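**Q** Here's a structure for you.
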Amino acid sequence: MTTEILGVNEESLRKAREYIEAGEVVAFHTETVYGLGANAFSDDAVRKIFALKGRPSDNPLIVHVHTGYDLSRLIDGEPPYAKALRRAFLPGPLTMVYPSAGKVSEYVSCGLRTLAVRVPSSPAAQAFLRETDLPIAAPSANLSKHVSPVTARHVYDDFNGLIPLILDGGDCTGGIESTVLDCTGNVPQILREGLVTREQIAAVAGDCGVYVPQQGERPKSPGMAYKHYSPRCRTAWAKSAEEALLLYQNEDMGCGKPLILCESGVIGELHGANALDLGASGEEMARRLYALLRQGEKTATLLIGIEPRERGGVMAGVMNRMLRAFGGNHET
Ligand code: AMP
Ligand code: MG
């Protein structure tokens, strides 16, 4: 199969709709990362996503809809705070988990009775969703465990020859995945930190929890249990510039190619060691992280991440992704 990368226009949108209607999978731009989309009503199309990514069959997908889509067709009621959150943050990088009305393929939620719904703000995503006028099930458009894609080229690198079309909406401005918020209880609860912060949600909903899986319990957001965001080279995590330099020198002496990834303020402490600059603010770091991980894995034998000093707001999401990429090794 040839994989076309096309800008978003009338003709490419028509093509995308025809592929989706034929049960194919199409990659599309969103403000967070690129998505790998299929008709959420179709068992076969949804199963194709799992097969293409090599995604574990118990890691549910998010359904994407356009701003005019009547959500009540897909979910079974919502608490008052959820309505307020929708008004405040949608369209945007907030995924809301609701009781499911059971209308989409059972493969979307992997047997859970809930449904994760997102209304992306990217004009390219909206154009695609409006054109199909279908709920589109879509995870990030990367092979399972690999770093999420923030350019059409990243998607191509993982899926060339495997999908017919990538709708190129340019670079993703958000850079990390949406916040996933459980809206089935009395108080909203964050299942995955992201671009909409706990503070922002609490300011609208009055309160906001953060879910921490208990030992032995099936996690509420199964994806969080998996190894994730892994660059295709060895990785290490350092708490300081000094620690990073020790790791760096060790690798260098062993004839490897070490590379450090850190926030701007630390670059001056690295004595000229090869480094990639994540930026200074949480927003900047979120926007650059995945592109730099993908850039780093191409040349480095060891990629060393330094724990950022920056805290608060979007940094909770950035730290979560960095720990998964560099240290821990845990999601898809
Ligand atoms: P991805 O689309 O690859 O960014 O992953 C989607 C994330 O949303 C994963 O962490 C899933 O576990 C989570 N998710 C999707 N649907 C649900 C759901 N119904 N309940 C809880 N978490 C969900
Ligand atoms: Mg993903």
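Simple scheme: letters A, B, ... for chains in structure tokens order, numbers from 1 for residues in each chain, numbers from 1 for ligands in the order shown.
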Contacts of Val318 of chain A at 9 Å or less, counting only C-alpha atoms, minus same-chain residues fewer than 5 places along, as a JSON list (two decimals) with N, CA and C atoms, in the first residue's frame?
**A**
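The file below, selection_11.json, is the result:
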[["chain", "number", "residue", "atom", "x", "y", "z"],
["A", 176, "ILE", "N", 1.95, 17.15, 23.86],
["A", 176, "ILE", "CA", 1.71, 15.91, 24.61],
["A", 176, "ILE", "C", 0.20, 15.61, 24.56],
["A", 193, "GLU", "N", -2.45, 12.90, 33.20],
["A", 193, "GLU", "CA", -2.14, 14.33, 33.20],
["A", 193, "GLU", "C", -1.88, 14.77, 31.76],
["A", 194, "GLY", "N", -2.25, 16.02, 31.45],
["A", 194, "GLY", "CA", -2.02, 16.50, 30.08],
["A", 194, "GLY", "C", -2.05, 18.01, 30.02],
["A", 195, "LEU", "N", -2.48, 18.54, 28.89],
["A", 195, "LEU", "CA", -2.36, 19.98, 28.65],
["A", 195, "LEU", "C", -3.37, 20.81, 29.43],
["A", 282, "GLY", "N", 6.83, 25.10, 30.80],
["A", 282, "GLY", "CA", 6.15, 23.82, 30.67],
["A", 282, "GLY", "C", 5.54, 23.65, 29.28],
["A", 283, "GLU", "N", 4.93, 24.71, 28.77],
["A", 283, "GLU", "CA", 4.28, 24.65, 27.45],
["A", 283, "GLU", "C", 5.30, 24.35, 26.37],
["A", 285, "MET", "N", 8.24, 22.93, 26.77],
["A", 285, "MET", "CA", 8.78, 21.58, 26.91],
["A", 285, "MET", "C", 7.80, 20.54, 26.39],
["A", 286, "ALA", "N", 6.50, 20.75, 26.63],
["A", 286, "ALA", "CA", 5.48, 19.83, 26.11],
["A", 286, "ALA", "C", 5.54, 19.83, 24.58],
["A", 289, "LEU", "N", 9.06, 18.06, 23.37],
["A", 289, "LEU", "CA", 9.56, 16.80, 23.91],
["A", 289, "LEU", "C", 9.61, 15.65, 22.90],
["A", 323, "LEU", "N", 9.33, 10.69, 32.57],
["A", 323, "LEU", "CA", 9.66, 9.53, 33.40],
["A", 323, "LEU", "C", 9.42, 8.24, 32.63]]
**Q** Just the residues within 12 Å of Leu303 of chain A, please, counting only C-alpha atoms, with nothing from its chain fewer than 5 positions along; format it as a short mmCIF file (atom, residue, chain, number, x, y, z; two decimals) with all heavy atoms, in the first residue's frame.
**A**
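selection.cif was written with the following content:
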data_model
loop_
_atom_site.label_atom_id
_atom_site.label_comp_id
_atom_site.auth_asym_id
_atom_site.auth_seq_id
_atom_site.Cartn_x
_atom_site.Cartn_y
_atom_site.Cartn_z
N SER A 230 8.86 5.27 24.23
CA SER A 230 10.25 4.85 24.30
C SER A 230 11.03 5.21 23.05
O SER A 230 10.68 4.77 21.96
CB SER A 230 10.33 3.34 24.47
OG SER A 230 9.46 2.94 25.48
N PRO A 231 12.09 5.96 23.19
CA PRO A 231 12.97 6.18 22.05
C PRO A 231 13.67 4.87 21.71
O PRO A 231 13.80 3.99 22.56
CB PRO A 231 13.98 7.21 22.57
CG PRO A 231 13.53 7.62 23.91
CD PRO A 231 12.56 6.62 24.41
N ARG A 232 14.13 4.75 20.44
CA ARG A 232 14.76 3.49 20.00
C ARG A 232 16.26 3.50 20.25
O ARG A 232 17.07 3.28 19.35
CB ARG A 232 14.45 3.27 18.52
CG ARG A 232 12.96 3.17 18.28
CD ARG A 232 12.65 2.26 17.14
NE ARG A 232 11.26 1.86 17.20
CZ ARG A 232 10.34 2.24 16.33
NH1 ARG A 232 10.67 3.03 15.33
NH2 ARG A 232 9.09 1.83 16.45
N CYS A 233 16.64 3.84 21.45
CA CYS A 233 18.03 3.74 21.87
C CYS A 233 17.96 3.58 23.39
O CYS A 233 16.88 3.67 23.97
CB CYS A 233 18.80 5.02 21.51
SG CYS A 233 18.15 6.51 22.25
N ARG A 234 19.10 3.35 24.03
CA ARG A 234 19.08 3.22 25.48
C ARG A 234 18.79 4.58 26.11
O ARG A 234 19.07 5.62 25.50
CB ARG A 234 20.41 2.65 25.99
CG ARG A 234 20.53 1.17 25.69
CD ARG A 234 21.89 0.54 25.86
NE ARG A 234 22.78 1.23 26.75
CZ ARG A 234 23.80 1.98 26.31
NH1 ARG A 234 24.02 2.15 25.02
NH2 ARG A 234 24.60 2.55 27.16
N THR A 235 18.21 4.56 27.30
CA THR A 235 17.88 5.83 27.95
C THR A 235 18.35 5.81 29.41
O THR A 235 18.54 4.74 29.98
CB THR A 235 16.35 6.07 27.97
OG1 THR A 235 15.73 4.94 28.57
CG2 THR A 235 15.80 6.30 26.57
N ALA A 236 18.55 6.98 29.95
CA ALA A 236 18.89 7.08 31.38
C ALA A 236 18.28 8.36 31.93
O ALA A 236 18.05 9.33 31.19
CB ALA A 236 20.40 7.09 31.55
N TRP A 237 18.05 8.37 33.22
CA TRP A 237 17.40 9.51 33.89
C TRP A 237 18.36 10.09 34.92
O TRP A 237 18.94 9.34 35.72
CB TRP A 237 16.13 9.02 34.57
CG TRP A 237 15.26 10.04 35.23
CD1 TRP A 237 14.92 10.07 36.54
CD2 TRP A 237 14.57 11.12 34.61
NE1 TRP A 237 14.06 11.11 36.78
CE2 TRP A 237 13.83 11.79 35.61
CE3 TRP A 237 14.51 11.61 33.30
CZ2 TRP A 237 13.05 12.90 35.35
CZ3 TRP A 237 13.73 12.72 33.03
CH2 TRP A 237 13.02 13.36 34.05
N ALA A 238 18.57 11.39 34.89
CA ALA A 238 19.49 12.01 35.84
C ALA A 238 18.76 13.09 36.61
O ALA A 238 17.91 13.80 36.08
CB ALA A 238 20.68 12.61 35.09
N ALA A 244 24.09 13.69 35.11
CA ALA A 244 24.00 13.47 33.67
C ALA A 244 25.39 13.42 33.04
O ALA A 244 25.66 12.59 32.17
CB ALA A 244 23.17 14.59 33.02
N LEU A 245 26.29 14.29 33.50
CA LEU A 245 27.63 14.33 32.93
C LEU A 245 28.42 13.05 33.21
O LEU A 245 29.18 12.59 32.36
CB LEU A 245 28.40 15.55 33.44
CG LEU A 245 28.03 16.86 32.72
CD1 LEU A 245 28.72 18.06 33.36
CD2 LEU A 245 28.36 16.79 31.23
N LEU A 247 27.11 10.02 33.53
CA LEU A 247 26.56 9.03 32.60
C LEU A 247 27.09 9.28 31.19
O LEU A 247 27.42 8.36 30.45
CB LEU A 247 25.02 9.11 32.60
CG LEU A 247 24.31 8.68 33.88
CD1 LEU A 247 22.88 9.20 33.92
CD2 LEU A 247 24.30 7.14 33.97
N TYR A 248 27.15 10.57 30.86
CA TYR A 248 27.59 11.00 29.53
C TYR A 248 29.03 10.54 29.28
O TYR A 248 29.34 9.94 28.26
CB TYR A 248 27.49 12.52 29.46
CG TYR A 248 27.76 13.13 28.10
CD1 TYR A 248 26.70 13.45 27.25
CD2 TYR A 248 29.05 13.40 27.68
CE1 TYR A 248 26.94 14.02 26.00
CE2 TYR A 248 29.30 13.96 26.44
CZ TYR A 248 28.24 14.28 25.61
OH TYR A 248 28.48 14.85 24.38
N GLU A 251 29.51 6.75 28.80
CA GLU A 251 29.07 6.30 27.48
C GLU A 251 30.10 6.71 26.43
O GLU A 251 30.44 5.94 25.53
CB GLU A 251 27.70 6.91 27.16
CG GLU A 251 27.10 6.48 25.84
CD GLU A 251 26.57 5.03 25.86
OE1 GLU A 251 26.58 4.40 26.93
OE2 GLU A 251 26.18 4.55 24.77
N ASP A 252 30.60 7.92 26.57
CA ASP A 252 31.56 8.47 25.63
C ASP A 252 32.85 7.64 25.63
O ASP A 252 33.39 7.31 24.58
CB ASP A 252 31.87 9.92 26.05
CG ASP A 252 32.36 10.76 24.89
OD1 ASP A 252 32.03 10.40 23.73
OD2 ASP A 252 33.07 11.75 25.14
N GLY A 256 30.37 5.05 22.78
CA GLY A 256 28.97 5.24 22.40
C GLY A 256 28.74 6.69 22.01
O GLY A 256 29.69 7.48 21.95
N LYS A 257 27.48 7.03 21.72
CA LYS A 257 27.16 8.42 21.39
C LYS A 257 26.10 8.93 22.35
O LYS A 257 24.90 8.77 22.14
CB LYS A 257 26.61 8.49 19.96
CG LYS A 257 27.69 8.37 18.91
CD LYS A 257 27.19 8.88 17.58
CE LYS A 257 28.31 8.85 16.56
NZ LYS A 257 27.82 8.63 15.20
N PRO A 258 26.55 9.55 23.44
CA PRO A 258 25.59 10.05 24.42
C PRO A 258 24.99 11.38 23.97
O PRO A 258 25.64 12.15 23.24
CB PRO A 258 26.45 10.26 25.66
CG PRO A 258 27.82 10.51 25.14
CD PRO A 258 27.95 9.78 23.85
N LEU A 259 23.77 11.64 24.40
CA LEU A 259 23.10 12.91 24.08
C LEU A 259 22.19 13.25 25.25
O LEU A 259 21.47 12.38 25.78
CB LEU A 259 22.27 12.72 22.79
CG LEU A 259 21.54 13.93 22.21
CD1 LEU A 259 22.52 15.04 21.86
CD2 LEU A 259 20.78 13.51 20.95
N ILE A 260 22.25 14.52 25.69
CA ILE A 260 21.46 14.94 26.85
C ILE A 260 20.25 15.73 26.39
O ILE A 260 20.33 16.50 25.43
CB ILE A 260 22.33 15.80 27.80
CG1 ILE A 260 23.45 14.92 28.39
CG2 ILE A 260 21.49 16.42 28.92
CD1 ILE A 260 24.47 15.68 29.22
N LEU A 261 19.12 15.52 27.04
CA LEU A 261 17.91 16.28 26.75
C LEU A 261 17.51 17.00 28.05
O LEU A 261 17.28 16.35 29.07
CB LEU A 261 16.82 15.30 26.33
CG LEU A 261 15.82 15.77 25.31
CD1 LEU A 261 15.39 14.62 24.44
CD2 LEU A 261 14.61 16.34 26.00
N CYS A 262 17.46 18.33 28.03
CA CYS A 262 17.20 19.04 29.28
C CYS A 262 16.59 20.41 29.03
O CYS A 262 16.55 20.89 27.90
CB CYS A 262 18.50 19.21 30.06
SG CYS A 262 19.72 20.18 29.18
N ASN A 274 27.06 17.30 24.17
CA ASN A 274 25.97 17.37 23.18
C ASN A 274 24.62 17.31 23.88
O ASN A 274 24.35 16.37 24.63
CB ASN A 274 26.07 16.20 22.20
CG ASN A 274 27.20 16.39 21.21
OD1 ASN A 274 27.49 17.53 20.82
ND2 ASN A 274 27.86 15.30 20.84
N ALA A 275 23.80 18.34 23.62
CA ALA A 275 22.50 18.39 24.31
C ALA A 275 21.41 18.93 23.39
O ALA A 275 21.69 19.68 22.46
CB ALA A 275 22.62 19.27 25.55
N LEU A 276 20.17 18.52 23.66
CA LEU A 276 19.01 19.07 22.96
C LEU A 276 18.22 19.88 23.97
O LEU A 276 17.99 19.43 25.10
CB LEU A 276 18.15 17.94 22.40
CG LEU A 276 18.79 17.04 21.33
CD1 LEU A 276 17.90 15.87 20.98
CD2 LEU A 276 19.08 17.86 20.07
N LEU A 292 12.02 16.00 19.93
CA LEU A 292 13.42 15.86 20.33
C LEU A 292 13.76 14.40 20.67
O LEU A 292 14.86 13.94 20.39
CB LEU A 292 13.76 16.79 21.50
CG LEU A 292 13.70 18.29 21.15
CD1 LEU A 292 14.14 19.13 22.34
CD2 LEU A 292 14.59 18.61 19.94
N LEU A 293 12.81 13.68 21.26
CA LEU A 293 13.06 12.26 21.52
C LEU A 293 13.26 11.52 20.21
O LEU A 293 14.15 10.68 20.06
CB LEU A 293 11.89 11.63 22.29
CG LEU A 293 11.76 11.99 23.78
CD1 LEU A 293 10.43 11.48 24.34
CD2 LEU A 293 12.91 11.40 24.58
N ARG A 294 12.41 11.85 19.21
CA ARG A 294 12.53 11.19 17.90
C ARG A 294 13.80 11.61 17.18
O ARG A 294 14.40 10.83 16.46
CB ARG A 294 11.29 11.46 17.05
CG ARG A 294 10.12 10.56 17.42
CD ARG A 294 8.98 10.72 16.43
NE ARG A 294 7.86 9.86 16.75
CZ ARG A 294 7.45 8.84 15.98
NH1 ARG A 294 8.07 8.56 14.86
NH2 ARG A 294 6.41 8.11 16.35
N GLN A 295 14.20 12.87 17.38
CA GLN A 295 15.45 13.34 16.77
C GLN A 295 16.64 12.65 17.45
O GLN A 295 17.55 12.16 16.79
CB GLN A 295 15.56 14.86 16.96
CG GLN A 295 16.74 15.50 16.26
CD GLN A 295 16.83 16.99 16.59
OE1 GLN A 295 15.80 17.66 16.74
NE2 GLN A 295 18.02 17.53 16.70
N GLY A 296 16.61 12.59 18.78
CA GLY A 296 17.71 12.01 19.54
C GLY A 296 17.94 10.54 19.23
O GLY A 296 19.08 10.11 19.08
N GLU A 297 16.87 9.76 19.11
CA GLU A 297 17.03 8.32 18.91
C GLU A 297 17.73 8.00 17.59
O GLU A 297 18.27 6.92 17.41
CB GLU A 297 15.66 7.61 18.96
CG GLU A 297 14.80 7.89 17.74
CD GLU A 297 13.45 7.18 17.76
OE1 GLU A 297 13.11 6.54 18.76
OE2 GLU A 297 12.73 7.30 16.75
N LYS A 298 17.72 8.97 16.64
CA LYS A 298 18.33 8.72 15.32
C LYS A 298 19.86 8.69 15.40
O LYS A 298 20.50 8.02 14.62
CB LYS A 298 17.90 9.82 14.34
CG LYS A 298 16.44 9.73 13.95
CD LYS A 298 16.25 10.19 12.50
CE LYS A 298 14.88 9.78 11.97
NZ LYS A 298 13.90 10.83 12.10
N MET A 322 8.16 12.25 30.56
CA MET A 322 9.62 12.12 30.62
C MET A 322 10.01 10.90 31.43
O MET A 322 10.91 10.14 31.06
CB MET A 322 10.26 13.38 31.22
CG MET A 322 10.25 14.56 30.26
SD MET A 322 11.19 15.98 30.89
CE MET A 322 12.87 15.51 30.44
N ALA A 325 9.48 7.92 29.34
CA ALA A 325 10.43 7.81 28.22
C ALA A 325 11.83 7.43 28.71
O ALA A 325 12.52 6.63 28.09
CB ALA A 325 10.49 9.14 27.46
N PHE A 326 12.25 8.01 29.83
CA PHE A 326 13.65 7.88 30.23
C PHE A 326 13.89 6.85 31.32
O PHE A 326 14.91 6.18 31.34
CB PHE A 326 14.18 9.21 30.75
CG PHE A 326 14.45 10.19 29.67
CD1 PHE A 326 13.55 11.22 29.42
CD2 PHE A 326 15.57 10.08 28.88
CE1 PHE A 326 13.79 12.12 28.42
CE2 PHE A 326 15.82 10.97 27.86
CZ PHE A 326 14.91 12.00 27.63
N GLY A 327 12.97 6.84 32.29
CA GLY A 327 13.36 6.11 33.47
C GLY A 327 12.57 4.85 33.62
O GLY A 327 13.05 3.74 33.34
#
**Q** So, counting only C-alpha atoms, which residue among A:Glu263, A:Glu307, A:Glu177, A:Asp43 is closest to Thr30 of chain A?
**A** A:Glu177
**Q** Using only C-alpha atoms, determine which residues lie at most 8 Å from His64 of chain A, disregarding the query and same-chain residues fewer than 4 positions distant; provide the list as a CSV table (one decimal) with C-alpha atoms, in the first residue's frame.
**A**
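After the write, part00.csv holds the following:
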chain,number,residue,atom,x,y,z
A,117,VAL,CA,-14.7,11.3,24.2
A,118,ARG,CA,-12.6,14.2,22.9
A,119,VAL,CA,-13.5,17.3,20.7
A,120,PRO,CA,-10.1,18.5,19.3
A,129,LEU,CA,-14.4,15.0,11.7
A,135,PRO,CA,-17.3,9.4,15.8
A,136,ILE,CA,-13.6,8.6,15.0
A,137,ALA,CA,-11.8,6.2,17.4
A,138,ALA,CA,-8.2,7.2,17.5
**Q** Please check which protein, DNA or RNA residues sit within 7 Å of ligand 1, counting only C-alpha atoms and all ligand atoms, and write them as number ranges by chain.
**A** A: 59-62, 97, 109, 112, 114-116, 138-140, 177, 180, 182, 191-192, 220-224, 332
**Q** Among segment 15-130 of chain A, which ones does DSSP assign to alpha helix (DSSP H) (computed from the backbone)? Answer as number ranges by chain.
**A** A: 15-21, 43-53, 80-89, 123-130
